[in-house]
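Visitor: input.cif is reproduced in full below (mmCIF, C-alpha atoms (C1' of nucleotides)).
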```cif
data_protein
loop_
_atom_site.label_atom_id
_atom_site.label_comp_id
_atom_site.auth_asym_id
_atom_site.auth_seq_id
_atom_site.Cartn_x
_atom_site.Cartn_y
_atom_site.Cartn_z
CA MET A 1 78.88 201.95 111.88
CA PHE A 2 82.29 202.94 113.24
CA SER A 3 84.73 205.74 112.44
CA LYS A 4 87.51 205.18 109.92
CA ALA A 5 89.95 205.22 112.81
CA THR A 6 88.13 202.34 114.47
CA GLU A 7 87.83 200.42 111.23
CA TYR A 8 91.60 200.73 110.75
CA ALA A 9 92.14 199.71 114.37
CA LEU A 10 90.04 196.58 113.91
CA ARG A 11 91.69 195.62 110.64
CA ALA A 12 95.19 196.32 111.94
CA THR A 13 94.64 194.32 115.10
CA ILE A 14 93.26 191.36 113.19
CA TYR A 15 96.17 191.48 110.75
CA ILE A 16 98.69 191.67 113.58
CA ALA A 17 96.99 188.77 115.33
CA GLN A 18 97.14 186.73 112.17
CA LYS A 19 100.72 187.47 111.09
CA SER A 20 102.82 188.50 114.04
CA SER A 21 104.58 186.88 116.96
CA VAL A 22 107.10 188.14 119.50
CA ASP A 23 109.88 186.97 117.17
CA ASN A 24 108.22 188.32 114.07
CA LYS A 25 107.09 191.84 114.66
CA LEU A 26 105.41 193.79 111.92
CA SER A 27 106.35 197.30 110.83
CA ILE A 28 103.71 199.98 110.58
CA HIS A 29 104.45 200.07 106.86
CA GLU A 30 103.63 196.43 106.35
CA ILE A 31 100.48 196.70 108.43
CA ALA A 32 99.18 199.79 106.66
CA LYS A 33 99.87 198.29 103.27
CA ALA A 34 98.14 195.05 104.18
CA ILE A 35 95.00 196.68 105.49
CA ASP A 36 94.97 199.49 102.90
CA SER A 37 95.17 202.41 105.29
CA PRO A 38 97.25 205.60 105.44
CA VAL A 39 100.56 204.83 107.16
CA SER A 40 100.91 207.81 109.48
CA PHE A 41 97.28 207.85 110.46
CA THR A 42 97.44 204.16 111.25
CA ALA A 43 100.53 204.76 113.36
CA LYS A 44 98.61 207.32 115.39
CA ILE A 45 95.71 204.96 115.83
CA LEU A 46 97.86 202.08 117.00
CA GLN A 47 99.19 204.38 119.69
CA LEU A 48 95.75 204.15 121.25
CA LEU A 49 96.02 200.38 121.48
CA THR A 50 99.60 199.96 122.71
CA PRO A 51 99.84 201.76 126.09
CA GLY A 52 100.29 199.15 128.78
CA ASN A 53 100.05 196.49 126.03
CA LYS A 54 96.35 197.07 126.37
CA VAL A 55 95.52 195.42 123.06
CA ILE A 56 98.68 195.21 121.00
CA SER A 57 102.36 195.59 121.83
CA ALA A 58 105.08 197.65 120.20
CA VAL A 59 108.84 197.88 120.47
CA ARG A 60 111.01 200.53 118.89
CA GLY A 61 114.31 200.11 117.11
CA PRO A 62 115.71 197.53 114.69
CA LYS A 63 113.81 194.23 114.81
CA GLY A 64 111.08 196.22 116.48
CA GLY A 65 107.51 196.60 115.38
CA PHE A 66 104.05 195.51 116.43
CA TYR A 67 102.89 192.18 117.74
CA ILE A 68 100.17 190.82 119.98
CA THR A 69 100.49 188.55 122.97
CA GLU A 70 98.62 185.25 123.25
CA GLN A 71 96.83 186.79 126.18
CA SER A 72 95.64 189.79 124.17
CA LYS A 73 94.46 187.57 121.35
CA LYS A 74 91.83 186.28 123.72
CA LEU A 75 90.39 189.78 124.19
CA PRO A 76 86.95 190.38 122.75
CA VAL A 77 86.50 192.81 119.87
CA ARG A 78 84.92 195.12 122.37
CA ALA A 79 88.34 195.77 123.91
CA ILE A 80 89.36 197.48 120.68
CA LEU A 81 86.16 199.50 120.62
CA ILE A 82 86.69 200.64 124.19
CA ALA A 83 90.28 201.65 123.47
CA MET A 84 89.01 203.62 120.47
CA GLY A 85 86.35 205.34 122.53
CA GLU A 86 83.51 203.90 120.48
CA SER A 87 81.55 202.56 123.41
CA LYS A 88 79.03 205.40 123.29
CA ILE A 89 77.74 204.16 119.92
CA LEU A 90 76.44 201.11 121.68
CA ASP A 91 74.70 203.27 124.27
CA LYS A 92 73.08 205.83 122.02
CA CYS A 93 69.53 205.54 120.82
CA VAL A 94 68.54 205.77 117.16
CA LEU A 95 67.12 209.27 117.61
CA GLY A 96 70.10 210.53 119.59
CA LEU A 97 68.04 211.35 122.66
CA ASN A 98 69.89 212.06 125.86
CA LYS A 99 67.16 210.65 128.01
CA CYS A 100 66.03 207.57 126.15
CA SER A 101 65.50 204.82 128.72
CA GLU A 102 63.14 202.07 129.73
CA ALA A 103 61.19 204.63 131.72
CA LYS A 104 61.10 207.20 128.91
CA PRO A 105 61.69 205.21 125.73
CA CYS A 106 61.93 206.79 122.31
CA PRO A 107 59.52 205.30 119.78
CA MET A 108 62.22 203.03 118.36
CA HIS A 109 63.53 201.95 121.73
CA SER A 110 61.85 198.62 122.25
CA GLN A 111 62.78 197.17 118.87
CA TYR A 112 66.24 198.68 118.70
CA LYS A 113 67.09 197.53 122.21
CA ASN A 114 66.98 193.97 121.06
CA ILE A 115 69.14 194.54 118.00
CA LYS A 116 71.66 196.57 119.96
CA GLN A 117 71.92 193.76 122.50
CA GLN A 118 72.85 191.37 119.72
CA LEU A 119 75.55 193.76 118.54
CA ILE A 120 76.96 194.14 122.03
CA SER A 121 76.96 190.43 122.53
CA LEU A 122 78.69 189.90 119.17
CA PHE A 123 81.48 192.29 120.14
CA GLU A 124 81.63 190.81 123.62
CA THR A 125 81.95 187.18 122.63
CA LYS A 126 83.98 187.36 119.43
CA THR A 127 87.70 187.38 120.19
CA ILE A 128 90.56 188.82 118.19
CA GLN A 129 91.95 185.33 117.92
CA GLN A 130 88.76 183.92 116.43
CA LEU A 131 88.73 186.58 113.73
CA ALA A 132 92.38 185.93 112.88
CA GLU A 133 91.75 182.19 112.74
CA ASP A 134 88.90 182.63 110.29
CA ILE A 135 91.29 184.40 107.97
CA ASP A 136 94.03 181.86 108.51
CA GLY A 137 91.56 179.09 107.77
CA GLY A 138 90.58 180.76 104.52
CA ILE A 139 86.93 181.19 105.44
CA ALA A 140 87.23 184.98 105.85
CA PHE A 141 89.25 187.76 104.25
CA LEU A 142 90.68 191.17 104.96
CA ASN A 143 90.86 192.49 101.40
CA SER A 144 89.99 196.12 101.27
CA LYS A 145 91.42 197.41 98.02
CA LYS A 146 88.98 198.48 95.37
CA GLY A 147 89.22 196.92 91.98
CA MET B 148 74.56 205.10 114.69
CA PHE B 149 73.52 208.08 112.56
CA SER B 150 74.85 211.61 112.12
CA LYS B 151 73.44 214.46 114.18
CA ALA B 152 71.79 215.74 111.03
CA THR B 153 69.94 212.47 110.59
CA GLU B 154 68.98 212.31 114.25
CA TYR B 155 67.48 215.80 113.96
CA ALA B 156 65.72 214.79 110.74
CA LEU B 157 64.16 211.78 112.42
CA ARG B 158 63.07 213.69 115.51
CA ALA B 159 61.74 216.62 113.49
CA THR B 160 59.76 214.39 111.16
CA ILE B 161 58.23 212.47 114.03
CA TYR B 162 57.33 215.69 115.81
CA ILE B 163 55.78 217.14 112.66
CA ALA B 164 53.83 213.92 112.13
CA GLN B 165 52.54 214.07 115.65
CA LYS B 166 51.62 217.76 115.86
CA SER B 167 50.96 219.16 112.41
CA SER B 168 48.23 219.13 109.83
CA VAL B 169 47.64 221.10 106.65
CA ASP B 170 45.68 223.63 108.70
CA ASN B 171 48.16 223.68 111.53
CA LYS B 172 51.64 224.07 110.17
CA LEU B 173 54.60 224.28 112.48
CA SER B 174 57.33 226.89 112.35
CA ILE B 175 60.95 225.88 112.28
CA HIS B 176 61.30 227.61 115.64
CA GLU B 177 58.66 225.47 117.28
CA ILE B 178 60.09 222.31 115.78
CA ALA B 179 63.68 223.03 116.78
CA LYS B 180 62.62 223.94 120.29
CA ALA B 181 60.54 220.80 120.66
CA ILE B 182 63.24 218.44 119.50
CA ASP B 183 66.08 220.37 121.16
CA SER B 184 68.09 221.12 118.02
CA PRO B 185 69.77 224.25 116.62
CA VAL B 186 67.19 226.26 114.67
CA SER B 187 69.17 227.19 111.55
CA PHE B 188 70.81 223.83 111.23
CA THR B 189 67.47 222.12 111.53
CA ALA B 190 66.10 224.42 108.83
CA LYS B 191 68.89 223.32 106.53
CA ILE B 192 68.21 219.69 107.27
CA LEU B 193 64.49 219.94 106.62
CA GLN B 194 65.35 221.32 103.20
CA LEU B 195 66.58 217.85 102.38
CA LEU B 196 63.19 216.37 103.20
CA THR B 197 60.87 218.88 101.53
CA PRO B 198 61.73 218.91 97.80
CA GLY B 199 58.81 217.39 95.94
CA ASN B 200 57.13 216.83 99.31
CA LYS B 201 59.39 213.83 99.49
CA VAL B 202 58.93 213.34 103.20
CA ILE B 203 57.55 216.54 104.67
CA SER B 204 55.94 219.62 103.15
CA ALA B 205 56.65 223.30 103.64
CA VAL B 206 54.97 226.56 102.66
CA ARG B 207 56.44 230.00 103.04
CA GLY B 208 54.78 233.12 104.28
CA PRO B 209 52.30 233.89 107.05
CA LYS B 210 50.38 230.81 108.20
CA GLY B 211 53.13 228.87 106.52
CA GLY B 212 55.40 226.29 108.08
CA PHE B 213 55.97 222.57 107.98
CA TYR B 214 53.46 219.77 107.88
CA ILE B 215 53.25 216.22 106.62
CA THR B 216 50.64 214.64 104.40
CA GLU B 217 48.69 211.55 105.40
CA GLN B 218 50.38 209.85 102.48
CA SER B 219 53.87 210.71 103.72
CA LYS B 220 53.02 209.55 107.22
CA LYS B 221 52.82 206.06 105.79
CA LEU B 222 56.41 206.20 104.60
CA PRO B 223 58.87 203.93 106.37
CA VAL B 224 61.65 205.41 108.48
CA ARG B 225 63.99 204.35 105.73
CA ALA B 226 62.59 207.12 103.52
CA ILE B 227 64.12 209.64 105.91
CA LEU B 228 67.41 207.80 105.94
CA ILE B 229 67.53 207.72 102.17
CA ALA B 230 66.76 211.45 101.94
CA MET B 231 69.56 212.06 104.41
CA GLY B 232 72.01 209.95 102.44
CA GLU B 233 72.50 207.48 105.27
CA SER B 234 71.81 204.37 103.24
CA LYS B 235 75.49 203.49 102.96
CA ILE B 236 75.62 202.79 106.71
CA LEU B 237 73.35 199.86 106.13
CA ASP B 238 75.61 198.57 103.37
CA LYS B 239 78.97 198.92 105.05
CA CYS B 240 80.66 196.09 106.85
CA VAL B 241 81.96 196.39 110.41
CA LEU B 242 85.58 196.56 109.24
CA GLY B 243 84.84 199.09 106.50
CA LEU B 244 86.05 196.81 103.72
CA ASN B 245 85.19 197.78 100.16
CA LYS B 246 84.95 194.21 99.03
CA CYS B 247 83.18 192.44 101.85
CA SER B 248 80.65 190.08 100.31
CA GLU B 249 79.27 186.58 100.54
CA ALA B 250 82.07 185.46 98.25
CA LYS B 251 84.80 187.29 100.19
CA PRO B 252 83.38 187.86 103.64
CA CYS B 253 85.19 189.71 106.39
CA PRO B 254 85.53 187.73 109.60
CA MET B 255 82.49 189.47 111.12
CA HIS B 256 80.35 189.16 108.03
CA SER B 257 78.24 186.13 108.77
CA GLN B 258 77.11 187.26 112.22
CA TYR B 259 76.75 190.93 111.37
CA LYS B 260 74.76 190.16 108.25
CA ASN B 261 71.95 188.86 110.36
CA ILE B 262 71.91 191.82 112.72
CA LYS B 263 72.08 194.28 109.85
CA GLN B 264 69.13 192.60 108.23
CA GLN B 265 67.09 193.16 111.36
CA LEU B 266 68.03 196.83 111.33
CA ILE B 267 67.07 197.21 107.69
CA SER B 268 63.80 195.47 108.28
CA LEU B 269 63.07 197.67 111.30
CA PHE B 270 63.61 200.81 109.23
CA GLU B 271 61.67 199.33 106.36
CA THR B 272 58.58 198.30 108.27
CA LYS B 273 58.29 201.03 110.88
CA THR B 274 56.38 204.00 109.51
CA ILE B 275 56.54 207.64 110.50
CA GLN B 276 52.91 207.39 111.52
CA GLN B 277 53.52 204.49 113.87
CA LEU B 278 56.27 206.38 115.66
CA ALA B 279 54.07 209.46 116.03
CA GLU B 280 51.20 207.35 117.34
CA ASP B 281 53.38 205.80 120.01
CA ILE B 282 54.14 209.27 121.28
CA ASP B 283 50.52 210.36 121.02
CA GLY B 284 49.50 207.26 122.91
CA GLY B 285 51.94 208.07 125.70
CA ILE B 286 53.94 204.87 125.33
CA ALA B 287 56.95 206.64 123.82
CA PHE B 288 58.64 210.04 124.18
CA LEU B 289 60.73 212.53 122.30
CA ASN B 290 62.39 214.25 125.24
CA SER B 291 65.93 215.13 124.49
CA LYS B 292 66.89 217.84 126.91
CA LYS B 293 69.45 217.00 129.51
CA GLY B 294 68.47 217.48 133.06
"C1'" DA C 295 130.36 205.13 121.12
"C1'" DT C 296 128.17 205.53 116.60
"C1'" DA C 297 125.04 204.65 113.12
"C1'" DA C 298 120.87 202.59 111.68
"C1'" DT C 299 116.14 201.41 112.44
"C1'" DT C 300 111.92 201.57 114.35
"C1'" DA C 301 107.71 203.48 116.93
"C1'" DA C 302 106.19 207.71 119.69
"C1'" DA C 303 105.10 212.39 119.91
"C1'" DG C 304 103.91 216.70 118.15
"C1'" DA C 305 102.76 220.20 114.84
"C1'" DC C 306 100.21 220.97 111.08
"C1'" DA C 307 96.95 220.57 106.94
"C1'" DA C 308 92.88 218.96 104.45
"C1'" DA C 309 88.28 217.52 104.47
"C1'" DG C 310 83.90 216.79 106.50
"C1'" DT C 311 80.27 217.90 109.86
"C1'" DT C 312 77.81 220.94 112.63
"C1'" DA C 313 76.21 225.43 113.38
"C1'" DT C 314 75.20 230.51 112.61
"C1'" DC C 315 73.95 234.56 110.21
"C1'" DT C 316 72.33 237.27 106.28
"C1'" DT C 317 69.82 237.81 102.14
"C1'" DT C 318 66.22 236.27 99.03
"C1'" DA C 319 61.79 234.45 97.63
"C1'" DA C 320 57.10 233.12 98.46
"C1'" DT C 321 52.80 233.92 100.63
"C1'" DT C 322 49.35 236.32 103.34
"C1'" DA C 323 46.95 240.23 105.27
"C1'" DT C 324 46.11 245.05 105.16
"C1'" DA D 325 50.63 247.90 96.26
"C1'" DT D 326 52.79 247.47 100.80
"C1'" DA D 327 54.13 245.41 104.87
"C1'" DA D 328 54.64 241.36 107.54
"C1'" DT D 329 55.82 236.58 107.96
"C1'" DT D 330 57.71 232.50 106.85
"C1'" DA D 331 60.93 228.99 104.60
"C1'" DA D 332 64.83 228.74 101.05
"C1'" DA D 333 69.31 229.80 99.72
"C1'" DG D 334 73.88 231.20 100.38
"C1'" DA D 335 78.05 232.59 102.80
"C1'" DT D 336 80.76 231.72 106.47
"C1'" DA D 337 82.56 230.04 110.92
"C1'" DA D 338 83.61 226.55 114.51
"C1'" DC D 339 84.65 222.05 115.42
"C1'" DT D 340 85.83 217.21 114.46
"C1'" DT D 341 87.87 213.70 111.86
"C1'" DT D 342 91.18 212.24 108.79
"C1'" DG D 343 95.59 212.56 107.09
"C1'" DT D 344 100.71 214.16 106.53
"C1'" DC D 345 105.17 215.48 107.89
"C1'" DT D 346 108.99 216.34 111.10
"C1'" DT D 347 111.38 215.60 115.26
"C1'" DT D 348 112.33 212.70 119.24
"C1'" DA D 349 113.18 208.53 121.83
"C1'" DA D 350 114.19 203.71 122.19
"C1'" DT D 351 116.59 199.74 120.65
"C1'" DT D 352 119.85 197.05 117.98
"C1'" DA D 353 124.02 196.14 115.42
"C1'" DT D 354 128.58 197.49 114.28
#
```
Translate this file's structure into structure tokens.

Guide:
Amino acid sequence: MFSKATEYALRATIYIAQKSSVDNKLSIHEIAKAIDSPVSFTAKILQLLTPGNKVISAVRGPKGGFYITEQSKKLPVRAILIAMGESKILDKCVLGLNKCSEAKPCPMHSQYKNIKQQLISLFETKTIQQLAEDIDGGIAFLNSKKG
Amino acid sequence: MFSKATEYALRATIYIAQKSSVDNKLSIHEIAKAIDSPVSFTAKILQLLTPGNKVISAVRGPKGGFYITEQSKKLPVRAILIAMGESKILDKCVLGLNKCSEAKPCPMHSQYKNIKQQLISLFETKTIQQLAEDIDGGIAFLNSKKG
DNA sequence: ATAATTAAAGACAAAGTTATCTTTAATTAT
DNA sequence: ATAATTAAAGATAACTTTGTCTTTAATTAT
């Protein structure tokens, strides 16, 4: 559904939300290892989420690393998608038409519209914090490694 | 949601279903123009749908071109997706985890599962014929061109 | 101040997707 | 048979995504 970059962004953000605090920042190495992603690529991706502490926060130097503010934890998943430029996926129609609309619907429009709305609402209502809590509570997992 | 190749495959198949018959085959040029796709690339894509008349049929030479059998018109949209190798999209989890399952669900699993099931069932029940008929009946459109 | 540590920034490489162009093969009409 | 027409097949190019590596900048500790 999303690009690898966005998948890594989602996993990284959830991991950071679960494990970090201002006094316990996480290195890019720890994050990448935990979410099973390439270190340098993940570093690049997190740079899309840090400017202006948009989603996560970073500080350089010793004792530095990544963390997320309590405020940002309350952001919906959609905030990550927007930062990753994935919002068009939730606009596009199944057939990739430029002009698919209520007035000129593609033949999948009416059914897909409803499903897409559920997706949007899932990403709009689910917060980063909720996802992290599910993992903390042991009812969800972030294990990616094959085997 | 799908690759450009798959979008073109879907549009082309629907167009062929709507306009062609065994006695009125369509050239790749007409198809590509109608669905607003690059001619040669579309030709390549249709080669994925023709072997064994899997989804559409093709004959070479004068009076040749593409058409679809009445039998194939009854195929579900999913047949196109399978031919295009897109089936993994409907398996993958939102976070791209290799091991997301009922036993070890990712934190989006339970909600996404339901939405994904609706998508699968849409692609499973909707037939090529139904899509073509919606266009024929004027209640749906295949217009892609910007403007 | 200096050294050490960490993310940011930038250049680059590998792989995948999208797209084009040329040649070949099949079919039809003459 | 020959020429004309059409899709199939193959080579290649452009672009995007994914990934790596090196250098720079910020921060901390000594």

Visitor: Could you list the residues in chain C lying within 7 Å of chain B, using all atoms listed in the file, and format the result as an MDAnalysis selection string?

Guide: chainID C and resid 313:314 320:322

Visitor: Least-squares superpose chain B on chain A across all ordered C-alpha pairs, then write out what you get as a short mmCIF file (atom, residue, chain, number, x, y, z; two decimals) with C-alpha atoms, keeping the file's coordinate frame.

Guide:
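Saved result, selection_38.cif, follows:
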```
data_model
loop_
_atom_site.label_atom_id
_atom_site.label_comp_id
_atom_site.auth_asym_id
_atom_site.auth_seq_id
_atom_site.Cartn_x
_atom_site.Cartn_y
_atom_site.Cartn_z
CA MET B 148 78.87 201.97 111.90
CA PHE B 149 82.29 202.97 113.24
CA SER B 150 84.74 205.76 112.42
CA LYS B 151 87.51 205.20 109.91
CA ALA B 152 89.95 205.24 112.80
CA THR B 153 88.13 202.37 114.46
CA GLU B 154 87.84 200.43 111.21
CA TYR B 155 91.61 200.74 110.75
CA ALA B 156 92.15 199.71 114.37
CA LEU B 157 90.05 196.60 113.91
CA ARG B 158 91.69 195.61 110.64
CA ALA B 159 95.19 196.31 111.93
CA THR B 160 94.65 194.32 115.10
CA ILE B 161 93.26 191.36 113.20
CA TYR B 162 96.16 191.48 110.76
CA ILE B 163 98.69 191.67 113.58
CA ALA B 164 96.98 188.76 115.33
CA GLN B 165 97.14 186.72 112.19
CA LYS B 166 100.71 187.47 111.09
CA SER B 167 102.82 188.49 114.06
CA SER B 168 104.56 186.88 116.97
CA VAL B 169 107.08 188.13 119.51
CA ASP B 170 109.85 186.96 117.18
CA ASN B 171 108.20 188.30 114.08
CA LYS B 172 107.07 191.83 114.66
CA LEU B 173 105.41 193.80 111.92
CA SER B 174 106.33 197.30 110.83
CA ILE B 175 103.71 199.98 110.57
CA HIS B 176 104.45 200.07 106.85
CA GLU B 177 103.63 196.42 106.36
CA ILE B 178 100.48 196.71 108.43
CA ALA B 179 99.17 199.80 106.67
CA LYS B 180 99.87 198.29 103.28
CA ALA B 181 98.13 195.05 104.18
CA ILE B 182 94.99 196.67 105.49
CA ASP B 183 94.98 199.46 102.89
CA SER B 184 95.17 202.40 105.30
CA PRO B 185 97.27 205.59 105.44
CA VAL B 186 100.58 204.80 107.15
CA SER B 187 100.94 207.79 109.49
CA PHE B 188 97.32 207.83 110.47
CA THR B 189 97.44 204.15 111.24
CA ALA B 190 100.53 204.74 113.37
CA LYS B 191 98.62 207.31 115.37
CA ILE B 192 95.72 204.95 115.83
CA LEU B 193 97.86 202.06 117.00
CA GLN B 194 99.21 204.36 119.69
CA LEU B 195 95.78 204.15 121.24
CA LEU B 196 96.03 200.38 121.46
CA THR B 197 99.59 199.95 122.72
CA PRO B 198 99.83 201.76 126.08
CA GLY B 199 100.28 199.13 128.77
CA ASN B 200 100.04 196.49 126.03
CA LYS B 201 96.34 197.08 126.33
CA VAL B 202 95.51 195.42 123.05
CA ILE B 203 98.68 195.20 120.99
CA SER B 204 102.36 195.59 121.82
CA ALA B 205 105.08 197.64 120.19
CA VAL B 206 108.85 197.89 120.47
CA ARG B 207 111.01 200.53 118.88
CA GLY B 208 114.28 200.10 117.10
CA PRO B 209 115.68 197.52 114.69
CA LYS B 210 113.79 194.22 114.81
CA GLY B 211 111.07 196.22 116.48
CA GLY B 212 107.49 196.60 115.36
CA PHE B 213 104.04 195.51 116.42
CA TYR B 214 102.89 192.18 117.74
CA ILE B 215 100.17 190.83 119.97
CA THR B 216 100.47 188.55 122.96
CA GLU B 217 98.61 185.26 123.23
CA GLN B 218 96.83 186.80 126.18
CA SER B 219 95.65 189.81 124.17
CA LYS B 220 94.47 187.58 121.35
CA LYS B 221 91.83 186.31 123.72
CA LEU B 222 90.40 189.78 124.20
CA PRO B 223 86.95 190.40 122.75
CA VAL B 224 86.50 192.82 119.87
CA ARG B 225 84.92 195.15 122.37
CA ALA B 226 88.35 195.78 123.90
CA ILE B 227 89.35 197.49 120.67
CA LEU B 228 86.16 199.51 120.61
CA ILE B 229 86.68 200.65 124.16
CA ALA B 230 90.29 201.67 123.45
CA MET B 231 89.02 203.62 120.47
CA GLY B 232 86.35 205.37 122.51
CA GLU B 233 83.52 203.92 120.46
CA SER B 234 81.54 202.56 123.38
CA LYS B 235 79.04 205.41 123.27
CA ILE B 236 77.74 204.15 119.91
CA LEU B 237 76.44 201.11 121.68
CA ASP B 238 74.70 203.27 124.27
CA LYS B 239 73.07 205.82 122.01
CA CYS B 240 69.52 205.53 120.83
CA VAL B 241 68.53 205.76 117.17
CA LEU B 242 67.11 209.27 117.61
CA GLY B 243 70.10 210.51 119.60
CA LEU B 244 68.03 211.35 122.66
CA ASN B 245 69.89 212.05 125.89
CA LYS B 246 67.15 210.62 128.01
CA CYS B 247 66.01 207.54 126.16
CA SER B 248 65.49 204.79 128.72
CA GLU B 249 63.13 202.03 129.73
CA ALA B 250 61.20 204.60 131.73
CA LYS B 251 61.10 207.17 128.92
CA PRO B 252 61.69 205.22 125.74
CA CYS B 253 61.92 206.79 122.31
CA PRO B 254 59.51 205.31 119.79
CA MET B 255 62.23 203.03 118.38
CA HIS B 256 63.54 201.94 121.75
CA SER B 257 61.85 198.62 122.27
CA GLN B 258 62.78 197.15 118.89
CA TYR B 259 66.24 198.67 118.70
CA LYS B 260 67.08 197.53 122.20
CA ASN B 261 66.98 193.96 121.06
CA ILE B 262 69.13 194.53 118.00
CA LYS B 263 71.65 196.55 119.98
CA GLN B 264 71.93 193.77 122.48
CA GLN B 265 72.87 191.37 119.72
CA LEU B 266 75.55 193.77 118.54
CA ILE B 267 76.97 194.15 122.03
CA SER B 268 76.98 190.43 122.53
CA LEU B 269 78.70 189.89 119.17
CA PHE B 270 81.48 192.30 120.14
CA GLU B 271 81.65 190.82 123.60
CA THR B 272 81.95 187.19 122.62
CA LYS B 273 83.98 187.37 119.42
CA THR B 274 87.69 187.41 120.20
CA ILE B 275 90.56 188.84 118.20
CA GLN B 276 91.94 185.33 117.92
CA GLN B 277 88.76 183.93 116.43
CA LEU B 278 88.73 186.59 113.73
CA ALA B 279 92.38 185.93 112.88
CA GLU B 280 91.75 182.19 112.73
CA ASP B 281 88.91 182.63 110.29
CA ILE B 282 91.29 184.42 107.97
CA ASP B 283 94.03 181.86 108.52
CA GLY B 284 91.56 179.11 107.80
CA GLY B 285 90.58 180.76 104.52
CA ILE B 286 86.93 181.19 105.44
CA ALA B 287 87.23 184.96 105.85
CA PHE B 288 89.25 187.78 104.25
CA LEU B 289 90.68 191.18 104.96
CA ASN B 290 90.84 192.50 101.41
CA SER B 291 90.00 196.12 101.27
CA LYS B 292 91.43 197.43 98.05
CA LYS B 293 89.02 198.52 95.40
CA GLY B 294 89.31 196.87 92.08
#
```

Visitor: Can I get the residues of chain B within 8 Å of chain A, each with the closest pair of atoms and their distance in Å to one decimal, using all atoms listed in the file, sorted chain first then ascending number, as a tab-separated table?

Guide:
```
residue	atom	partner	partner_atom	distance
B:Met148	CA	A:Met1	CA	6.0
B:Phe149	CA	A:Val94	CA	7.2
B:Lys151	CA	A:Gly96	CA	7.5
B:Glu154	CA	A:Leu95	CA	4.9
B:Tyr155	CA	A:Leu95	CA	7.5
B:Leu157	CA	A:Leu95	CA	6.5
B:Arg158	CA	A:Leu95	CA	6.4
B:Ile236	CA	A:Met1	CA	6.2
B:Lys239	CA	A:Met1	CA	7.5
B:Cys240	CA	A:Met1	CA	7.9
B:Val241	CA	A:Met1	CA	6.5
B:Leu242	CA	A:Glu7	CA	4.9
B:Gly243	CA	A:Glu7	CA	5.8
B:Leu244	CA	A:Ser144	CA	4.7
B:Asn245	CA	A:Ser144	CA	5.2
B:Lys246	CA	A:Ser144	CA	5.8
B:Cys247	CA	A:Asn143	CA	7.7
B:Lys251	CA	A:Phe141	CA	6.0
B:Pro252	CA	A:Ala140	CA	5.3
B:Cys253	CA	A:Phe141	CA	5.0
B:Pro254	CA	A:Ala140	CA	5.0
B:Met255	CA	A:Leu131	CA	7.4
B:Gln258	CA	A:Leu122	CA	7.6
B:Tyr259	CA	A:Leu119	CA	7.8
B:Ile262	CA	A:Ile115	CA	6.6
B:Gln265	CA	A:Ile115	CA	7.1
B:Leu266	CA	A:Ile115	CA	7.1
B:Leu269	CA	A:Gln111	CA	7.6
B:Leu278	CA	A:Pro107	CA	5.4
B:Ala279	CA	A:Pro107	CA	7.8
B:Asp281	CA	A:Pro107	CA	6.2
B:Ile282	CA	A:Pro107	CA	6.9
B:Ile286	CA	A:Pro105	CA	7.8
B:Ala287	CA	A:Pro107	CA	5.0
B:Phe288	CA	A:Cys106	CA	5.0
B:Leu289	CA	A:Cys106	CA	5.9
B:Asn290	CA	A:Lys99	CA	6.6
B:Ser291	CA	A:Leu97	CA	4.7
B:Lys292	CA	A:Asn98	CA	6.6
B:Lys293	CA	A:Asn98	CA	6.2
```

Visitor: Go through B:Ile267, B:Ala205, B:Ile178, B:Leu222 and flag the residue nearest chain D, using all atoms listed in the file for the distances.

Guide: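 When distances to chain D are compared using all atoms listed in the file, the smallest one comes from B:Ala205.
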
Visitor: Go through the shown structure with the PyMOL selection byres ((chain C and resi 324) around 12) and write out the matching residues as a JSON list (two decimals) with C-alpha atoms (C1' of nucleotides), in the frame of the given file.

Guide:
```json
[["chain", "number", "residue", "atom", "x", "y", "z"],
["C", 322, "DT", "C1'", 49.35, 236.32, 103.34],
["C", 323, "DA", "C1'", 46.95, 240.23, 105.27],
["D", 325, "DA", "C1'", 50.63, 247.90, 96.26],
["D", 326, "DT", "C1'", 52.79, 247.47, 100.80],
["D", 327, "DA", "C1'", 54.13, 245.41, 104.87],
["D", 328, "DA", "C1'", 54.64, 241.36, 107.54]]
```

Visitor: List the neighbours of DA302 (chain C) out to 10 Å using all atoms listed in the file; skip same-chain residues closer than 6 positions along the sequence, and give me the result as an NGL selection string.

Guide: (:A and (43-44 or 47 or 60)) or (:D and (348-350))

Visitor: With C-alpha atoms (C1' of nucleotides) kept, could you save the residues just selected as a PDB file, keeping the file's coordinate frame?

Guide:
```
ATOM      1  CA  ALA A  43     100.530 204.760 113.360  1.00  0.00           C
ATOM      2  CA  LYS A  44      98.610 207.320 115.390  1.00  0.00           C
ATOM      3  CA  GLN A  47      99.190 204.380 119.690  1.00  0.00           C
ATOM      4  CA  ARG A  60     111.010 200.530 118.890  1.00  0.00           C
TER       5      ARG A  60
ATOM      6  C1'  DT D 348     112.330 212.700 119.240  1.00  0.00           C
ATOM      7  C1'  DA D 349     113.180 208.530 121.830  1.00  0.00           C
ATOM      8  C1'  DA D 350     114.190 203.710 122.190  1.00  0.00           C
TER       9       DA D 350
END
```

Visitor: One number please: C1' of DC315 (chain C) to CA of Gly199 (chain B), in Å, one decimal.

Guide: 27.0 Å

Visitor: Considering all atoms listed in the file, can you say which of D:DT341, D:DT346, D:DT354, D:DG334 comes closest to chain A?

Guide: D:DT341

Visitor: Can I get the residues of chain D within 6 Å of chain B, each with the closest pair of atoms and their distance in Å to one decimal, using all atoms listed in the file, sorted chain first then ascending number, as a tab-separated table?

Guide:
```
residue	atom	partner	partner_atom	distance
D:DT329	C1'	B:Pro209	CA	4.5
D:DT330	C1'	B:Gly208	CA	3.9
D:DA331	C1'	B:Arg207	CA	4.9
```
